[in-house]
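For reference, the structure is listed below as structure tokens.
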Amino acid sequence: MKKILALFALLVATLTASAQTEELKNEIGVYYGFGSATNIVSAIGTAFNFDNEDKKGFWGPIGVEYFYHASPVVAVGGMVSLAGCTYSSNSNYKSTYITLMPAVKFHWLHKEHFGMYSMLAAGATFHHAKAGSESKNQVVFMGHVTALGVEFGGPFRGFVEAGFGERGMLTAGVRYKF
């Protein structure tokens, strides 16, 4: 029994040392969120402008992210996302949001095939709204807080997040670590 435990301890130590020397530092991912801040603001802001029979559609955010793992706990990077809403009415209202945000991610549970993290991001949203022949552009401050993110897999990792901001209240996607 002692030999088996010693062999197991040696195997774990070897795998841990090997994993530390081959740590993957970069990751790129794609995601889709539900309930983004811009969609919520659009829904509230336009709810009073159109009657209930109008067809309303919200989509996004659809995004791409990149992170560099500066340590096993901290990753820095950023993301770009696209979201929008449309209304079928006499004015044919359409609103599009492009968001750029630098971010920092804190991994508070980091295993080989499973991890948990929180994230903070802040940046700018470029908003284009068009109603009939009129259009309006503006730039506003935007942010996001991921209270709980869970990722699973190997170099290709799936993830789900719960938070508030421009990534959405619920977000899911895939990442590739290299």
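Residues in the structure tokens are numbered from 1 in each chain, the chains being A, B, ... in the order shown, and ligands are numbered from 1 in the order shown.
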*Just the residues within 9 Å of Met119 of chain A, please, counting only C-alpha atoms, with nothing from its chain fewer than 4 positions along; format it as a PyMOL selection string.*
chain A and resi 103-107+144-149+163
Each segment 66-100 of chain A residue no farther than 9 Å from segment 21-45 of chain A, nearest pair in Å, only C-alpha atoms, as JSON lines:
{"residue": "A:Tyr66", "atom": "CA", "partner": "A:Ile28", "partner_atom": "CA", "distance": 4.5}
{"residue": "A:Phe67", "atom": "CA", "partner": "A:Glu27", "partner_atom": "CA", "distance": 5.4}
{"residue": "A:Tyr68", "atom": "CA", "partner": "A:Asn26", "partner_atom": "CA", "distance": 4.7}
{"residue": "A:His69", "atom": "CA", "partner": "A:Lys25", "partner_atom": "CA", "distance": 4.8}
{"residue": "A:Ala70", "atom": "CA", "partner": "A:Lys25", "partner_atom": "CA", "distance": 7.3}
{"residue": "A:Ser71", "atom": "CA", "partner": "A:Lys25", "partner_atom": "CA", "distance": 8.4}
{"residue": "A:Pro72", "atom": "CA", "partner": "A:Glu23", "partner_atom": "CA", "distance": 8.8}
{"residue": "A:Ala75", "atom": "CA", "partner": "A:Lys25", "partner_atom": "CA", "distance": 8.7}
{"residue": "A:Ser81", "atom": "CA", "partner": "A:Tyr31", "partner_atom": "CA", "distance": 8.9}
{"residue": "A:Ala83", "atom": "CA", "partner": "A:Asn39", "partner_atom": "CA", "distance": 7.4}
{"residue": "A:Gly84", "atom": "CA", "partner": "A:Asn39", "partner_atom": "CA", "distance": 6.8}
{"residue": "A:Cys85", "atom": "CA", "partner": "A:Asn39", "partner_atom": "CA", "distance": 7.0}
{"residue": "A:Ser95", "atom": "CA", "partner": "A:Ser42", "partner_atom": "CA", "distance": 8.0}
{"residue": "A:Tyr97", "atom": "CA", "partner": "A:Thr38", "partner_atom": "CA", "distance": 7.3}
*Nearest to His127 of chain A: which of A:Leu109, A:Met169, A:Leu82, A:Val160 is it, counting only C-alpha atoms?*
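The answer is A:Leu82, which sits nearest to His127 of chain A.
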*Can you tell me how far atom CA of Tyr117 of chain A sits from atom CA of Gly63 of chain A, in Å to one decimal?*
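So the two atoms, atom CA of Tyr117 of chain A and atom CA of Gly63 of chain A, lie 18.6 Å apart.
Separating atom CA of Glu65 of chain A from atom CA of His128 of chain A is a distance of 22.2 Å.
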_Calculated over only C-alpha atoms, which of the candidates A:Gly132, A:Gly143, A:Gly168, A:Gly60 has the smallest distance to Leu100 of chain A?_
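Once distances to Leu100 of chain A are computed over only C-alpha atoms, the minimum belongs to A:Gly143.
Considering the residues A:Met116, A:Ala121, A:Ala162, A:Ile98 and counting only C-alpha atoms, Val140 of chain A has its shortest atom-to-atom contact with A:Ile98.
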*Shell of 6 Å around Gly123 of chain A, only C-alpha atoms, local chain residues under 3 positions omitted, as a ChimeraX atom specification*: /A:100-101,141-142
*So which residues of segment 50-170 of chain A fall under strand (DSSP E or B) by DSSP, listed as a ChimeraX atom specification?*
/A:55-69,74-88,94-110,114-131,134-153,156-165,170
